[in-house]
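start.cif, holding mmCIF, C-alpha atoms:
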data_target
loop_
_atom_site.label_atom_id
_atom_site.label_comp_id
_atom_site.auth_asym_id
_atom_site.auth_seq_id
_atom_site.Cartn_x
_atom_site.Cartn_y
_atom_site.Cartn_z
CA MET A 10 0.00 0.00 0.00
CA SER A 11 1.40 3.39 -1.01
CA VAL A 12 1.02 6.75 0.70
CA THR A 13 -1.63 7.80 -1.82
CA ASP A 14 -3.82 4.91 -0.68
CA ARG A 15 -4.28 6.58 2.72
CA LEU A 16 -3.80 10.25 1.79
CA SER A 17 -6.88 12.46 1.61
CA ILE A 18 -7.58 16.20 1.62
CA GLN A 19 -10.20 18.07 3.63
CA LEU A 20 -12.28 20.03 1.12
CA TYR A 21 -12.64 22.87 3.64
CA THR A 22 -9.11 23.75 2.53
CA LEU A 23 -10.40 24.74 -0.90
CA ARG A 24 -13.65 26.41 0.14
CA SER A 25 -12.61 29.79 -1.29
CA LEU A 26 -12.87 28.27 -4.80
CA GLU A 27 -16.60 28.02 -4.02
CA ASP A 28 -17.68 25.76 -6.91
CA LEU A 29 -17.52 22.05 -6.02
CA ASP A 30 -16.67 21.04 -9.59
CA VAL A 31 -13.68 23.40 -9.56
CA ILE A 32 -12.65 22.16 -6.12
CA LEU A 33 -12.75 18.51 -7.15
CA ASP A 34 -10.94 19.18 -10.42
CA THR A 35 -8.24 20.96 -8.43
CA VAL A 36 -7.62 18.14 -5.97
CA ALA A 37 -7.71 15.50 -8.71
CA ASP A 38 -5.21 17.49 -10.77
CA ALA A 39 -2.96 17.73 -7.70
CA GLY A 40 -2.85 13.93 -7.51
CA TYR A 41 -5.27 13.08 -4.69
CA ARG A 42 -7.51 10.05 -4.95
CA TYR A 43 -9.47 10.67 -1.74
CA VAL A 44 -11.23 13.63 -0.20
CA GLU A 45 -12.76 14.39 3.18
CA THR A 46 -16.10 16.11 2.75
CA ILE A 47 -17.79 18.70 4.94
CA GLY A 48 -21.22 18.60 6.50
CA SER A 49 -23.05 20.42 3.71
CA HIS A 50 -21.92 17.75 1.24
CA LEU A 51 -23.87 15.16 3.23
CA ASP A 52 -27.07 17.07 2.44
CA LYS A 53 -26.60 16.31 -1.27
CA ALA A 54 -24.73 13.02 -1.01
CA ALA A 55 -25.95 11.47 -4.27
CA GLU A 56 -24.92 14.55 -6.27
CA VAL A 57 -21.52 14.71 -4.58
CA ARG A 58 -20.97 10.98 -5.15
CA SER A 59 -21.66 11.46 -8.85
CA LYS A 60 -19.13 14.28 -9.07
CA LEU A 61 -16.52 12.20 -7.24
CA ASP A 62 -17.11 9.18 -9.47
CA ALA A 63 -16.72 11.31 -12.58
CA ARG A 64 -13.20 12.24 -11.49
CA GLY A 65 -12.11 8.89 -10.14
CA LEU A 66 -12.20 10.24 -6.57
CA LYS A 67 -13.54 8.61 -3.42
CA ALA A 68 -14.58 10.00 -0.05
CA SER A 69 -12.40 8.83 2.81
CA SER A 70 -14.47 10.43 5.54
CA SER A 71 -16.46 13.52 6.42
CA HIS A 72 -16.97 16.18 9.03
CA VAL A 73 -20.47 16.81 10.39
CA SER A 74 -21.83 19.24 12.96
CA MET A 75 -23.11 18.24 16.38
CA ALA A 76 -26.43 19.84 15.49
CA ALA A 77 -26.81 17.54 12.48
CA LEU A 78 -25.85 14.50 14.54
CA ARG A 79 -28.56 15.34 17.04
CA GLU A 80 -31.25 16.47 14.62
CA LYS A 81 -30.98 14.06 11.67
CA PRO A 82 -28.85 11.03 12.55
CA ASP A 83 -30.64 8.68 10.14
CA GLN A 84 -30.07 11.04 7.22
CA ILE A 85 -26.39 11.32 8.17
CA VAL A 86 -25.95 7.55 8.20
CA GLU A 87 -27.62 7.23 4.79
CA ALA A 88 -25.39 9.98 3.39
CA CYS A 89 -22.28 8.17 4.64
CA LYS A 90 -23.44 4.99 2.94
CA THR A 91 -24.20 6.84 -0.29
CA LEU A 92 -20.74 8.40 -0.31
CA GLY A 93 -19.16 5.06 0.58
CA PHE A 94 -17.17 5.80 3.73
CA THR A 95 -17.31 4.63 7.33
CA ASN A 96 -15.34 7.35 9.20
CA LEU A 97 -17.22 10.43 10.39
CA TYR A 98 -15.94 13.23 12.62
CA MET A 99 -17.53 16.04 14.61
CA PRO A 100 -15.08 18.90 13.94
CA ALA A 101 -15.87 21.58 16.53
CA VAL A 102 -18.42 23.06 18.86
CA PRO A 103 -19.90 26.47 17.89
CA PRO A 104 -17.78 29.51 18.88
CA GLU A 105 -20.09 30.45 21.72
CA GLU A 106 -19.50 27.06 23.39
CA ARG A 107 -15.71 26.93 23.17
CA ASP A 108 -15.17 28.44 26.61
CA MET A 109 -17.86 26.41 28.36
CA ALA A 110 -17.24 24.97 31.81
CA ALA A 111 -16.31 21.38 32.62
CA ASP A 112 -19.91 20.15 32.84
CA GLY A 113 -20.53 21.27 29.26
CA TRP A 114 -17.59 19.26 27.96
CA ARG A 115 -18.66 16.22 29.97
CA SER A 116 -22.15 16.49 28.52
CA LEU A 117 -20.68 16.73 25.02
CA GLY A 118 -18.57 13.62 25.64
CA ARG A 119 -21.58 11.64 26.89
CA ASP A 120 -23.67 12.70 23.88
CA LEU A 121 -20.91 11.84 21.42
CA GLY A 122 -20.38 8.49 23.08
CA GLN A 123 -24.07 7.62 22.85
CA ILE A 124 -24.25 8.66 19.21
CA ALA A 125 -21.09 6.70 18.47
CA GLU A 126 -22.76 3.60 19.92
CA ARG A 127 -25.80 4.03 17.68
CA PHE A 128 -23.71 4.77 14.59
CA GLN A 129 -21.47 1.76 15.20
CA ALA A 130 -24.53 -0.45 14.82
CA GLN A 131 -24.94 1.08 11.35
CA GLY A 132 -21.32 0.48 10.41
CA ILE A 133 -20.19 4.09 10.92
CA ARG A 134 -17.30 5.04 13.23
CA LEU A 135 -17.89 8.45 14.81
CA GLY A 136 -14.95 10.45 16.13
CA TYR A 137 -14.06 13.87 17.51
CA HIS A 138 -11.68 16.33 15.86
CA ASN A 139 -9.72 18.66 18.14
CA HIS A 140 -8.59 22.26 17.96
CA HIS A 141 -6.50 24.04 20.56
CA TRP A 142 -9.28 25.31 22.80
CA GLU A 143 -9.96 21.81 24.12
CA LEU A 144 -6.51 21.90 25.75
CA LYS A 145 -7.53 24.51 28.32
CA PRO A 146 -7.90 23.17 31.88
CA LYS A 147 -11.54 22.95 32.88
CA ASP A 148 -11.57 20.78 35.99
CA GLY A 149 -8.39 21.21 37.98
CA ALA A 150 -5.67 20.13 35.58
CA LYS A 151 -8.08 18.20 33.33
CA THR A 152 -8.51 19.68 29.88
CA ALA A 153 -11.72 19.78 27.87
CA LEU A 154 -10.37 17.07 25.55
CA GLU A 155 -9.71 14.77 28.50
CA LEU A 156 -13.21 15.40 29.81
CA ILE A 157 -14.76 14.50 26.44
CA PHE A 158 -12.97 11.17 26.24
CA GLU A 159 -13.54 10.43 29.93
CA ALA A 160 -17.27 11.10 29.65
CA ALA A 161 -17.52 9.00 26.47
CA GLY A 162 -16.40 6.08 28.60
CA THR A 163 -16.19 2.71 26.89
CA SER A 164 -18.11 3.89 23.84
CA PRO A 165 -16.49 3.51 20.40
CA LEU A 166 -15.92 7.27 20.09
CA ALA A 167 -12.78 7.74 17.98
CA TRP A 168 -10.35 10.63 17.54
CA GLN A 169 -9.23 12.48 14.44
CA VAL A 170 -6.10 14.05 15.84
CA ASP A 171 -5.32 17.49 14.44
CA VAL A 172 -1.60 17.51 15.11
CA ALA A 173 -0.96 21.16 14.28
CA TRP A 174 -3.75 22.36 16.56
CA LEU A 175 -2.22 20.34 19.40
CA ALA A 176 1.06 22.15 18.73
CA ARG A 177 -0.76 25.48 18.60
CA GLY A 178 -2.16 24.67 22.02
CA ASP A 179 1.37 24.26 23.40
CA ALA A 180 0.90 20.52 23.78
CA ASP A 181 3.28 17.74 22.79
CA PRO A 182 1.47 16.00 19.91
CA LYS A 183 3.38 12.74 20.43
CA GLU A 184 2.42 12.57 24.09
CA TRP A 185 -1.29 13.07 23.35
CA ILE A 186 -1.30 10.68 20.40
CA ASN A 187 0.38 7.96 22.43
CA ARG A 188 -1.93 8.55 25.37
CA TYR A 189 -5.09 8.12 23.30
CA ARG A 190 -3.67 5.89 20.58
CA SER A 191 -6.52 3.38 20.96
CA LYS A 192 -8.93 6.10 19.77
CA VAL A 193 -6.95 7.42 16.79
CA THR A 194 -8.48 6.58 13.41
CA ALA A 195 -7.28 9.56 11.35
CA ALA A 196 -5.01 12.58 11.50
CA HIS A 197 -5.18 16.04 10.02
CA VAL A 198 -1.92 16.90 8.32
CA LYS A 199 -1.18 20.61 8.24
CA ASP A 200 1.78 22.78 9.04
CA ILE A 201 2.66 25.90 11.02
CA ALA A 202 4.65 28.71 9.43
CA PRO A 203 7.76 30.07 11.15
CA ALA A 204 7.02 32.88 13.59
CA GLY A 205 6.07 36.09 11.82
CA GLN A 206 5.43 34.43 8.45
CA ASN A 207 2.18 33.77 6.58
CA GLU A 208 0.22 36.08 8.85
CA ASP A 209 -2.34 36.52 6.06
CA GLN A 210 -2.89 32.76 6.35
CA ASP A 211 -3.32 32.84 10.14
CA GLY A 212 0.20 31.47 10.48
CA TRP A 213 -0.47 28.18 8.67
CA ALA A 214 1.76 26.77 5.94
CA ASP A 215 1.70 24.20 3.16
CA VAL A 216 2.67 20.80 4.54
CA GLY A 217 6.44 20.40 4.47
CA SER A 218 7.19 24.12 4.39
CA GLY A 219 6.52 24.84 8.07
CA VAL A 220 8.10 24.09 11.42
CA LEU A 221 6.53 20.71 12.18
CA ASN A 222 8.62 17.61 11.59
CA TRP A 223 6.07 15.75 9.50
CA ARG A 224 8.36 12.86 8.64
CA ASP A 225 8.44 11.98 12.33
CA LEU A 226 4.83 12.94 13.08
CA TRP A 227 3.53 10.93 10.14
CA ARG A 228 5.16 7.82 11.56
CA VAL A 229 3.75 8.51 15.04
CA CYS A 230 0.22 8.94 13.68
CA ARG A 231 0.40 5.85 11.51
CA GLU A 232 1.80 3.71 14.34
CA ALA A 233 -1.04 4.91 16.57
CA GLY A 234 -3.54 3.54 14.07
CA ALA A 235 -4.47 6.48 11.82
CA GLU A 236 -6.11 4.92 8.77
CA TRP A 237 -6.42 8.23 6.93
CA MET A 238 -3.94 11.09 6.77
CA VAL A 239 -5.90 14.15 5.72
CA VAL A 240 -4.22 17.27 4.36
CA GLU A 241 -5.69 20.54 5.59
CA HIS A 242 -4.90 24.24 5.59
CA ASP A 243 -7.32 26.52 7.40
CA LYS A 244 -6.68 29.66 5.34
CA PRO A 245 -4.52 29.14 2.23
CA SER A 246 -3.80 32.13 0.04
CA ASP A 247 -3.69 29.85 -3.00
CA PRO A 248 -5.67 26.63 -2.40
CA ALA A 249 -4.53 24.96 -5.62
CA ARG A 250 -0.88 25.56 -4.76
CA THR A 251 -1.39 24.33 -1.22
CA ALA A 252 -3.07 21.13 -2.40
CA ARG A 253 -0.33 20.46 -4.93
CA ALA A 254 2.64 21.38 -2.73
CA SER A 255 1.37 19.35 0.21
CA PHE A 256 0.73 16.32 -1.99
CA ASP A 257 4.16 16.56 -3.61
CA PHE A 258 5.83 16.65 -0.20
CA LEU A 259 3.80 13.81 1.29
CA ARG A 260 3.74 11.37 -1.60
CA THR A 261 7.26 10.12 -0.76
CA ILE A 262 7.12 10.57 3.01
CA GLU A 263 7.38 6.83 3.67
CA ASP A 264 10.29 6.26 1.28
#
The structure given in the file should be rewritten as structure tokens.
Amino acid sequence: MSVTDRLSIQLYTLRSLEDLDVILDTVADAGYRYVETIGSHLDKAAEVRSKLDARGLKASSSHVSMAALREKPDQIVEACKTLGFTNLYMPAVPPEERDMAADGWRSLGRDLGQIAERFQAQGIRLGYHNHHWELKPKDGAKTALELIFEAAGTSPLAWQVDVAWLARGDADPKEWINRYRSKVTAAHVKDIAPAGQNEDQDGWADVGSGVLNWRDLWRVCREAGAEWMVVEHDKPSDPARTARASFDFLRTIED
């Protein structure tokens, strides 16, 4: 199995291109064979599947909001089946909830765990995707991310580890990945620009051009069980260049 068999790209990275046909043409031209969709794509799954098929692309996974998981779980499951993937991730709580107290994070963890149980019965693995705000202590030294996983208990709730956001939160990505390695099913692969650079891109960088040692981090993620390695850039100035440059760097990362 080659790197390209497990390499995907989060389509949020190319959202500024606006038109889905243009976005999919761009990622296919860059060399990708898999994409990670966003929640709105699940609302028109059959149409998106047709567009993917026409370009020889497949969906590796998707993000979906907590609101959608609560309000229309059956539709979400059907959309996953239509698009042909089994890995689904809740990417973030709304901005107004990101500073909530410990009880709020515990409640979120319980809800996600219960939904993960129901989705597992339908063949879908539900996971959580982190940012840096979940690394703030909420209950003594316990962070929000710890409270989520603790409250989810023995449920099958998985983790899509966003390595760069862990680093942005002043955490050691390797330590967290190894601690929760049994939950890791995917990783977001993005990079952080050197201090003072790419400020128009919120300090992010194309993978391989930043400060993170992705050759080492790739290995750590894969050894922890990440099935999919998903390229992302939160605010690229040139999405096509970012997609292409990141792919070109990563395609030989296991050589």
One residue among A:Asp62, A:Asp200, A:Asp52, A:Glu143 is nearest to Ala37 of chain A when using only C-alpha atoms, and that residue is A:Asp62
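For the pair atom CA of Lys183 of chain A and atom CA of Ala196 of chain A, the interatomic distance is 12.3 Å.
Shortest atom-to-atom contact with Asn96 of chain A among A:Gly65, A:Ile124, A:Lys147, A:Gln169: A:Gln169, counting all atoms listed in the file.
Among the candidates A:Glu208, A:Asp38, A:Asp30, A:Asp83, the residue lying nearest to Ser246 of chain A is A:Glu208 (atoms considered: all atoms listed in the file).
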Between atom CA of Arg177 of chain A and atom CA of Leu20 of chain A - distance in Å to one decimal
21.6 Å
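Of the residues listed (A:Glu106, A:Asp112, A:Asp28, A:Asp215), A:Asp112 shows the shortest atom-to-atom separation from Glu159 of chain A; distances use only C-alpha atoms.
Among A:Thr152, A:Thr46, A:Thr95, A:Ile262, the residue with the shortest atom-to-atom distance to Gln129 of chain A, counting only C-alpha atoms, is A:Thr95.
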List the spatial neighbours of Glu236 of chain A as a ChimeraX atom specification - criterion: any atom at most 10 Å away, only C-alpha atoms, same-chain residues fewer than 6 positions off excluded.
/A:14-16,69,96,169,193-196,230
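Shell of Pro82 of chain A at 12 Å, with all atoms listed in the file counted and residues fewer than 3 places along the chain excluded, is Leu51, Asp52, Val73, Ser74, Met75, Ala76, Ala77, Leu78, Arg79, Ile85, Val86, Glu87, Ala88, Cys89, Leu97, Leu121, Gln123, Ile124, Ala125, Arg127, Phe128, Gln131, Ile133 and Leu135 of chain A.
Among the candidates A:Ala249, A:Ala63, A:Val102, A:Ala55, the one nearest to Lys90 of chain A when counting only C-alpha atoms is A:Ala55.
The gap separating atom CA of Thr251 of chain A from atom CA of Leu23 of chain A is 9.0 Å, in Å to one decimal.
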Determine the residue membership of the PyMOL selection byres ((chain A and resi 114) around 12) for the file above and supply it as a PyMOL selection string.
chain A and resi 101-102+106-113+115-121+142-148+151-161
Residues near Val57 of chain A, cut-off 9 Å, all atoms listed in the file, skip fewer than 6 positions along chain, as a VMD selection string:
chain A and resid 29 50 to 51 92
Keeping C-alpha atoms for every residue in the selection just given, could you write it to a file as a PDB file, in the coordinates of the input?
ATOM      1  CA  LEU A  29     -17.520  22.050  -6.020  1.00  0.00           C
ATOM      2  CA  HIS A  50     -21.920  17.750   1.240  1.00  0.00           C
ATOM      3  CA  LEU A  51     -23.870  15.160   3.230  1.00  0.00           C
ATOM      4  CA  LEU A  92     -20.740   8.400  -0.310  1.00  0.00           C
TER       5      LEU A  92
END
Could you pull the residues within 8 Å of Tyr98 of chain A, counting all atoms listed in the file, minus those fewer than 4 positions along the same chain, as a list in words?
Ser70, Ser71, His72, Val73, Leu135, Gly136, Tyr137, His138, Trp168 and Gln169 of chain A
Selection file, C-alpha atoms, as a short mmCIF file (atom, residue, chain, number, x, y, z; two decimals), in the coordinates of the input:
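Result file follows (out_14.cif):
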data_model
loop_
_atom_site.label_atom_id
_atom_site.label_comp_id
_atom_site.auth_asym_id
_atom_site.auth_seq_id
_atom_site.Cartn_x
_atom_site.Cartn_y
_atom_site.Cartn_z
CA SER A 70 -14.47 10.43 5.54
CA SER A 71 -16.46 13.52 6.42
CA HIS A 72 -16.97 16.18 9.03
CA VAL A 73 -20.47 16.81 10.39
CA LEU A 135 -17.89 8.45 14.81
CA GLY A 136 -14.95 10.45 16.13
CA TYR A 137 -14.06 13.87 17.51
CA HIS A 138 -11.68 16.33 15.86
CA TRP A 168 -10.35 10.63 17.54
CA GLN A 169 -9.23 12.48 14.44
#
Could you list, as a list in words, every residue within 12 Å of Gly40 of chain A, counting all atoms listed in the file and ignoring same-chain residues fewer than 2 positions away?
Val12, Thr13, Asp14, Leu16, Ser17, Ile18, Leu33, Asp34, Thr35, Val36, Ala37, Asp38, Arg42, Tyr43, Val44, Arg64, Gly65, Leu66, Ala249, Ala252, Arg253, Ala254, Ser255, Phe256, Asp257, Phe258, Leu259 and Arg260 of chain A
For a cut-off of 12 Å around (-3.4, 2.8, 22.0), file coordinates, pick out all residues using only C-alpha atoms and list them as a list in words.
Ala167, Trp168, Glu184, Trp185, Ile186, Asn187, Arg188, Tyr189, Arg190, Ser191, Lys192, Val193, Thr194, Val229, Cys230, Arg231, Glu232, Ala233, Gly234 and Ala235 of chain A
Once the PyMOL selection byres ((chain A and resi 198) around 9) has been evaluated on this model, what residues remain selected, and can you format them as a ChimeraX atom specification?
/A:18,171-173,196-197,199-200,216,223,227,238-242
So which residues get picked by the PyMOL selection byres ((chain A and resi 202) around 8) here, written as a PyMOL selection string?
chain A and resi 200-201+203-207+212-214+218-220
Output segment 155-181 of chain A with N, CA and C atoms present, as a short mmCIF file (atom, residue, chain, number, x, y, z; two decimals), in the frame of the given file.
data_model
loop_
_atom_site.label_atom_id
_atom_site.label_comp_id
_atom_site.auth_asym_id
_atom_site.auth_seq_id
_atom_site.Cartn_x
_atom_site.Cartn_y
_atom_site.Cartn_z
N GLU A 155 -9.70 15.90 27.56
CA GLU A 155 -9.71 14.77 28.50
C GLU A 155 -11.12 14.50 29.02
N LEU A 156 -11.86 15.57 29.30
CA LEU A 156 -13.21 15.40 29.81
C LEU A 156 -14.13 14.76 28.78
N ILE A 157 -13.96 15.11 27.50
CA ILE A 157 -14.76 14.50 26.44
C ILE A 157 -14.54 12.99 26.41
N PHE A 158 -13.27 12.60 26.35
CA PHE A 158 -12.97 11.17 26.24
C PHE A 158 -13.35 10.42 27.51
N GLU A 159 -13.17 11.07 28.66
CA GLU A 159 -13.54 10.43 29.93
C GLU A 159 -15.04 10.20 29.99
N ALA A 160 -15.82 11.21 29.59
CA ALA A 160 -17.27 11.10 29.65
C ALA A 160 -17.81 10.12 28.61
N ALA A 161 -17.09 9.95 27.50
CA ALA A 161 -17.52 9.00 26.47
C ALA A 161 -17.35 7.56 26.94
N GLY A 162 -16.55 7.38 27.97
CA GLY A 162 -16.40 6.08 28.60
C GLY A 162 -15.91 4.99 27.66
N THR A 163 -16.59 3.87 27.71
CA THR A 163 -16.19 2.71 26.89
C THR A 163 -16.85 2.70 25.52
N SER A 164 -17.48 3.79 25.16
CA SER A 164 -18.11 3.89 23.84
C SER A 164 -17.05 3.81 22.75
N PRO A 165 -17.46 3.58 21.50
CA PRO A 165 -16.49 3.51 20.40
C PRO A 165 -16.09 4.87 19.84
N LEU A 166 -16.30 5.95 20.59
CA LEU A 166 -15.92 7.27 20.09
C LEU A 166 -14.44 7.30 19.72
N ALA A 167 -14.15 7.70 18.50
CA ALA A 167 -12.78 7.74 17.98
C ALA A 167 -12.22 9.16 18.04
N TRP A 168 -11.01 9.32 17.54
CA TRP A 168 -10.35 10.63 17.54
C TRP A 168 -9.66 10.87 16.20
N GLN A 169 -10.00 11.99 15.59
CA GLN A 169 -9.23 12.48 14.44
C GLN A 169 -8.30 13.54 15.00
N VAL A 170 -7.05 13.16 15.18
CA VAL A 170 -6.10 14.05 15.84
C VAL A 170 -5.62 15.12 14.87
N ASP A 171 -5.86 16.38 15.23
CA ASP A 171 -5.32 17.49 14.44
C ASP A 171 -4.00 17.89 15.10
N VAL A 172 -2.93 17.39 14.51
CA VAL A 172 -1.60 17.51 15.11
C VAL A 172 -1.18 18.97 15.27
N ALA A 173 -1.40 19.77 14.24
CA ALA A 173 -0.96 21.16 14.28
C ALA A 173 -1.73 21.97 15.33
N TRP A 174 -3.01 21.66 15.52
CA TRP A 174 -3.75 22.36 16.56
C TRP A 174 -3.26 21.96 17.95
N LEU A 175 -2.84 20.71 18.12
CA LEU A 175 -2.22 20.34 19.40
C LEU A 175 -0.98 21.19 19.64
N ALA A 176 -0.15 21.34 18.61
CA ALA A 176 1.06 22.15 18.73
C ALA A 176 0.72 23.60 19.01
N ARG A 177 -0.32 24.10 18.36
CA ARG A 177 -0.76 25.48 18.60
C ARG A 177 -1.24 25.67 20.04
N GLY A 178 -1.70 24.60 20.63
CA GLY A 178 -2.16 24.67 22.02
C GLY A 178 -1.06 24.39 23.02
N ASP A 179 0.19 24.47 22.54
CA ASP A 179 1.37 24.26 23.40
C ASP A 179 1.41 22.87 24.02
N ALA A 180 0.85 21.90 23.32
CA ALA A 180 0.90 20.52 23.78
C ALA A 180 1.94 19.75 22.97
N ASP A 181 2.38 18.64 23.51
CA ASP A 181 3.28 17.74 22.79
C ASP A 181 2.42 16.75 22.02
#
